[in-house]
$ cat final.cif   # mmCIF, C-alpha atoms and all ligand atoms
data_upload
loop_
_atom_site.label_atom_id
_atom_site.label_comp_id
_atom_site.auth_asym_id
_atom_site.auth_seq_id
_atom_site.Cartn_x
_atom_site.Cartn_y
_atom_site.Cartn_z
CA MET A 22 0.00 0.00 0.00
CA ASP A 23 1.01 3.61 -0.35
CA MET A 24 1.55 5.76 2.72
CA PHE A 25 0.81 9.32 3.70
CA GLU A 26 2.58 10.90 6.64
CA GLY A 27 1.32 14.11 8.22
CA VAL A 28 4.07 16.03 9.91
CA GLY A 29 4.05 19.55 11.27
CA ARG A 30 4.73 21.63 14.29
CA ARG A 31 2.63 23.56 16.73
CA SER A 32 1.32 26.93 15.64
CA GLU A 33 0.78 29.84 18.00
CA ARG A 34 -2.80 29.68 19.22
CA SER A 35 -3.82 33.33 18.71
CA THR A 36 -2.23 34.04 15.33
CA GLY A 37 -2.01 30.60 13.73
CA HIS A 38 1.63 31.32 12.89
CA PHE A 39 4.27 28.75 13.51
CA LEU A 40 6.27 29.21 16.67
CA ASN A 41 9.94 29.81 16.01
CA ILE A 42 12.01 28.01 18.59
CA GLY A 43 15.09 27.95 16.42
CA GLN A 44 17.46 25.07 16.71
CA HIS A 45 15.61 23.66 19.69
CA SER A 46 12.90 22.31 17.46
CA LEU A 47 12.83 18.56 16.96
CA ASN A 48 10.89 19.15 13.80
CA GLY A 49 10.35 22.22 11.69
CA TYR A 50 8.31 23.51 8.84
CA GLU A 51 8.18 20.06 7.42
CA ARG A 52 6.16 19.44 4.36
CA LYS A 53 3.94 16.40 4.37
CA VAL A 54 5.08 13.44 2.39
CA LEU A 55 3.19 10.98 0.22
CA PHE A 56 5.03 7.76 -0.46
CA ARG A 57 4.33 5.74 -3.56
CA ASN A 58 4.95 2.03 -3.14
CA ASN A 59 7.32 1.01 -5.92
CA GLY A 60 6.46 -2.64 -5.37
CA ASP A 61 10.07 -3.66 -4.80
CA GLY A 62 10.41 -2.83 -1.13
CA THR A 63 11.14 0.84 -1.78
CA PHE A 64 9.01 3.98 -1.71
CA THR A 65 9.21 7.29 -3.58
CA ASP A 66 7.97 10.59 -2.15
CA VAL A 67 5.48 11.94 -4.69
CA ALA A 68 3.89 14.60 -2.47
CA TYR A 69 5.26 17.55 -4.43
CA VAL A 70 4.02 16.44 -7.83
CA ASN A 71 0.60 15.64 -6.36
CA GLY A 72 0.17 18.86 -4.39
CA ALA A 73 0.09 16.93 -1.12
CA ASP A 74 3.21 18.54 0.36
CA ARG A 75 1.18 20.81 2.64
CA VAL A 76 2.88 22.76 5.44
CA GLU A 77 -0.07 23.20 7.78
CA ASP A 78 0.24 21.89 11.33
CA GLY A 79 -1.36 18.54 10.68
CA ARG A 80 -3.04 16.23 13.16
CA GLY A 81 -5.75 13.86 12.03
CA LEU A 82 -5.75 12.00 8.74
CA SER A 83 -8.57 10.04 7.18
CA ILE A 84 -8.33 8.11 3.93
CA ALA A 85 -11.53 7.35 2.04
CA ASP A 86 -12.95 7.34 -1.47
CA LEU A 87 -15.28 10.23 -0.72
CA ASP A 88 -16.62 10.74 -4.25
CA ARG A 89 -16.86 7.03 -5.10
CA ASP A 90 -14.72 7.23 -8.21
CA GLY A 91 -12.36 4.44 -7.21
CA GLU A 92 -9.55 6.70 -6.04
CA LEU A 93 -8.65 7.23 -2.41
CA ASP A 94 -8.95 10.81 -1.16
CA LEU A 95 -7.35 12.38 1.93
CA VAL A 96 -8.92 14.51 4.66
CA LEU A 97 -6.45 16.39 6.84
CA ARG A 98 -7.32 17.84 10.23
CA ASN A 99 -5.01 20.67 11.21
CA TYR A 100 -4.22 22.34 14.49
CA HIS A 101 -6.02 25.73 14.60
CA GLN A 102 -6.22 25.81 10.82
CA PRO A 103 -8.99 24.72 8.48
CA ALA A 104 -9.33 21.09 7.56
CA GLN A 105 -8.38 20.16 4.01
CA LEU A 106 -9.65 17.71 1.46
CA LEU A 107 -7.08 16.43 -0.99
CA ARG A 108 -9.14 15.00 -3.79
CA ASN A 109 -7.41 12.31 -5.78
CA GLN A 110 -7.43 13.12 -9.48
CA GLY A 111 -5.16 10.29 -10.42
CA GLY A 112 -4.99 7.99 -13.37
CA ALA A 113 -6.98 5.23 -14.96
CA ALA A 114 -5.74 2.26 -12.95
CA HIS A 115 -8.21 -0.43 -11.97
CA TRP A 116 -9.41 -0.98 -8.43
CA LEU A 117 -11.70 -3.08 -6.26
CA GLN A 118 -13.42 -2.22 -2.99
CA LEU A 119 -14.90 -4.53 -0.38
CA VAL A 120 -17.49 -3.77 2.29
CA LEU A 121 -17.41 -6.53 4.89
CA VAL A 122 -20.50 -7.24 6.98
CA GLY A 123 -20.01 -9.48 9.97
CA THR A 124 -22.76 -11.72 11.30
CA ARG A 125 -21.04 -13.99 13.80
CA SER A 126 -18.24 -11.38 13.97
CA ASN A 127 -18.86 -7.73 14.78
CA ARG A 128 -20.97 -6.08 12.11
CA ASP A 129 -18.17 -3.80 10.82
CA ALA A 130 -15.86 -6.81 10.64
CA VAL A 131 -13.15 -4.96 12.57
CA GLY A 132 -10.26 -7.37 12.84
CA ALA A 133 -10.95 -9.12 9.56
CA ARG A 134 -7.99 -9.85 7.30
CA VAL A 135 -8.33 -9.77 3.53
CA ARG A 136 -5.89 -11.18 0.99
CA LEU A 137 -6.40 -10.39 -2.66
CA ARG A 138 -4.57 -11.75 -5.67
CA ALA A 139 -4.50 -10.09 -9.08
CA GLY A 140 -2.19 -11.91 -11.46
CA ASP A 141 0.85 -12.92 -9.43
CA ARG A 142 0.52 -10.01 -7.01
CA TRP A 143 -0.90 -10.48 -3.52
CA GLN A 144 -2.14 -7.64 -1.32
CA THR A 145 -3.27 -7.82 2.30
CA ARG A 146 -5.52 -5.49 4.25
CA GLU A 147 -6.98 -5.57 7.73
CA VAL A 148 -10.11 -3.80 8.94
CA HIS A 149 -9.12 -1.39 11.70
CA ALA A 150 -11.09 0.80 14.07
CA GLY A 151 -8.94 3.89 14.55
CA SER A 152 -6.30 4.22 11.88
CA ALA A 153 -4.43 7.46 12.57
CA TYR A 154 -4.10 10.03 15.33
CA LEU A 155 -7.64 11.07 16.36
CA SER A 156 -8.86 9.70 13.06
CA GLN A 157 -10.70 6.83 11.46
CA GLN A 158 -10.26 5.65 7.93
CA SER A 159 -13.07 4.33 5.83
CA LEU A 160 -14.11 0.79 6.68
CA VAL A 161 -14.33 0.11 2.95
CA GLN A 162 -11.30 -1.93 1.96
CA HIS A 163 -9.69 -0.50 -1.16
CA PHE A 164 -7.33 -2.43 -3.42
CA GLY A 165 -5.48 -0.93 -6.35
CA LEU A 166 -5.34 -3.44 -9.20
CA GLY A 167 -3.08 -1.58 -11.61
CA ASP A 168 -3.57 -2.98 -15.10
CA ALA A 169 -5.63 -5.96 -13.89
CA ARG A 170 -9.33 -5.77 -14.65
CA HIS A 171 -10.32 -8.24 -11.97
CA ALA A 172 -9.12 -9.94 -8.83
CA ASP A 173 -8.36 -13.60 -9.35
CA ALA A 174 -8.89 -14.55 -5.71
CA VAL A 175 -10.04 -12.94 -2.47
CA GLU A 176 -9.56 -14.66 0.88
CA ILE A 177 -11.22 -13.26 3.99
CA THR A 178 -10.49 -14.39 7.53
CA TRP A 179 -13.22 -13.06 9.79
CA PRO A 180 -12.73 -12.21 13.47
CA SER A 181 -14.88 -15.26 14.35
CA GLY A 182 -12.33 -17.47 12.61
CA ALA A 183 -14.58 -18.16 9.64
CA HIS A 184 -13.06 -18.09 6.16
CA THR A 185 -14.56 -16.87 2.90
CA THR A 186 -12.94 -17.50 -0.49
CA LEU A 187 -14.13 -15.55 -3.51
CA GLY A 188 -13.08 -14.96 -7.07
CA PRO A 189 -12.65 -14.05 -9.67
CA LEU A 190 -14.28 -10.68 -8.93
CA ASP A 191 -14.57 -7.88 -11.48
CA GLY A 192 -12.61 -4.75 -10.73
CA ASP A 193 -13.79 -1.14 -10.83
CA ARG A 194 -16.60 -2.15 -8.51
CA ARG A 195 -17.50 -2.09 -4.86
CA TRP A 196 -18.53 -5.49 -3.50
CA ARG A 197 -20.47 -6.23 -0.31
CA VAL A 198 -19.53 -9.47 1.39
CA VAL A 199 -21.59 -10.93 4.23
CA GLU A 200 -20.02 -13.39 6.64
CA ASP A 201 -21.58 -16.80 6.03
CA GLY A 202 -23.59 -15.11 3.30
CA GLY A 203 -23.26 -13.95 -0.25
CA VAL A 204 -21.40 -11.35 -2.24
CA GLU A 205 -23.06 -8.69 -4.35
CA ALA A 206 -21.94 -5.66 -6.33
CA VAL A 207 -23.09 -2.45 -4.66
CA GLY A 208 -21.79 0.12 -7.10
CA HIS A 209 -19.21 1.15 -9.60
CA CA B 301 -12.19 9.36 -4.79
CA CA B 302 -10.82 11.23 -8.17
#
$ encode --input "final.cif" --output "structure tokens" --more "lines below"
Ligand SMILES: [Ca+2]
Ligand SMILES: [Ca+2]
Amino acid sequence: MDMFEGVGRRSERSTGHFLNIGQHSLNGYERKVLFRNNGDGTFTDVAYVNGADRVEDGRGLSIADLDRDGELDLVLRNYHQPAQLLRNQGGAAHWLQLVLVGTRSNRDAVGARVRLRAGDRWQTREVHAGSAYLSQQSLVQHFGLGDARHADAVEITWPSGAHTTLGPLDGDRRWRVVEDGGVEAVGH
């Protein structure tokens, strides 16, 4: 997966300006970074070319596909500065999203582990409650498929210990999967 890291330093409460504590600062006017997963164990910072290298005093971060176009967007919560929405206007890569509904497990399926294979590439995601500082990411599990139009296999391990195996599943769709139940497309 790709990673976004919000860094910043405390701004003065009344003016919103950054405090200048000179060389005593453990951080500084750091710009935020957005790491692209190169798929070979390395990452490249692509924040500048994507306009994500913000300098506000960041705190919370939520990642969700807010406009349902298959691209993950970012919501940043800043300290004494307005929140920001970084809307992803990326490329034409394929994707697949899963909404997990627990029955024997908790309804949001928090704790579930999902493995997805597209071609020879495996990806793993886990459903978390609380994903960043004072923040919650979407419970919809998003997988980038790259050039693949579908997922060959999806394996879900539910918190109850139950297993669900699916596939192939068409990409560029959101699928709803019920524990001990069926799977249905719930949107594009
Ligand atoms: Ca989006
Ligand atoms: Ca978009």
$ closest_atom_pairs --input "final.cif" --of "stretch 76-142 of chain A" --to "stretch 152-157 of chain A" --cutoff "7 Å" --atoms "only C-alpha atoms" --output "JSON lines"
{"residue": "A:Arg80", "atom": "CA", "partner": "A:Tyr154", "partner_atom": "CA", "distance": 6.7}
{"residue": "A:Gly81", "atom": "CA", "partner": "A:Ser156", "partner_atom": "CA", "distance": 5.3}
{"residue": "A:Leu82", "atom": "CA", "partner": "A:Ser156", "partner_atom": "CA", "distance": 5.8}
{"residue": "A:Ser83", "atom": "CA", "partner": "A:Gln157", "partner_atom": "CA", "distance": 5.8}
$ write_last_selection --input "final.cif" --atoms "C-alpha atoms" --output "PDB file, in the coordinates of the input"
ATOM      1  CA  ARG A  80      -3.040  16.230  13.160  1.00  0.00           C
ATOM      2  CA  GLY A  81      -5.750  13.860  12.030  1.00  0.00           C
ATOM      3  CA  LEU A  82      -5.750  12.000   8.740  1.00  0.00           C
ATOM      4  CA  SER A  83      -8.570  10.040   7.180  1.00  0.00           C
TER       5      SER A  83
END
$ closest_residue --input "final.cif" --among "A:Asn109, A:Asn58, A:Gln158, A:Thr63" --to "ligand CA 301 (chain B)" --atoms "only C-alpha atoms and all ligand atoms"
A:Asn109
$ residues_near_ligand --input "final.cif" --ligand "ligand CA 302 (chain B)" --cutoff "9 Å" --atoms "only C-alpha atoms and all ligand atoms" --output "list in words"
Asp86, Leu87, Asp88, Arg89, Asp90, Gly91, Glu92, Leu93, Asp94, Arg108, Asn109, Gln110, Gly111 and Gly112 of chain A
$ closest_residue --input "final.cif" --among "A:Ala85, A:Val70, A:Arg195, A:Arg52" --to "ligand CA 301 (chain B)" --atoms "only C-alpha atoms and all ligand atoms"
A:Ala85
$ closest_residue --input "final.cif" --among "A:Trp196, A:Trp116, A:Trp143, A:Trp179" --to "ligand CA 301 (chain B)" --atoms "all atoms listed in the file"
A:Trp116
$ closest_residue --input "final.cif" --among "A:Val67, A:Leu95, A:Ala73, A:Leu117" --to "ligand CA 301 (chain B)" --atoms "all atoms listed in the file"
A:Leu95
$ residues_around --input "final.cif" --residues "A:Leu119" --least-positions-apart "4" --cutoff "12 Å" --atoms "all atoms listed in the file" --output "number ranges by chain"
A: 91, 129-130, 133-137, 146-148, 159-165, 172, 175-177, 187, 190-199, 204-209
$ atom_distance --input "final.cif" --atom1 "atom CA of A:Arg142" --atom2 "atom CA of A:Pro189"
14.0 Å
$ atom_distance --input "final.cif" --atom1 "atom CA of A:Gln118" --atom2 "atom CA of A:Asp66"
24.9 Å
$ residues_around --input "final.cif" --residues "A:Arg125" --least-positions-apart "4" --cutoff "9 Å" --atoms "all atoms listed in the file" --output "PyMOL selection string"
chain A and resi 179-181+183+200-201
$ residues_around --input "final.cif" --residues "stretch 104-106 of chain A" --least-positions-apart "4" --cutoff "9 Å" --atoms "all atoms listed in the file" --output "short mmCIF file (atom, residue, chain, number, x, y, z; two decimals) with C-alpha atoms, keeping the file's coordinate frame"
data_model
loop_
_atom_site.label_atom_id
_atom_site.label_comp_id
_atom_site.auth_asym_id
_atom_site.auth_seq_id
_atom_site.Cartn_x
_atom_site.Cartn_y
_atom_site.Cartn_z
CA GLY A 79 -1.36 18.54 10.68
CA ASP A 94 -8.95 10.81 -1.16
CA LEU A 95 -7.35 12.38 1.93
CA VAL A 96 -8.92 14.51 4.66
CA LEU A 97 -6.45 16.39 6.84
CA ARG A 98 -7.32 17.84 10.23
CA ASN A 99 -5.01 20.67 11.21
CA TYR A 100 -4.22 22.34 14.49
#
$ closest_residue --input "final.cif" --among "A:Asp173, A:Leu107, A:Ala68, A:Asp168" --to "A:Ala139" --atoms "all atoms listed in the file"
A:Asp173
$ axis_aligned_box --input "final.cif" --around "stretch 177-191 of chain A" --padding-each-side "4 Å" --output "AutoDock Vina command-line options"
--center_x -12.7 --center_y -13.0 --center_z 1.4 --size_x 12.4 --size_y 18.3 --size_z 33.8
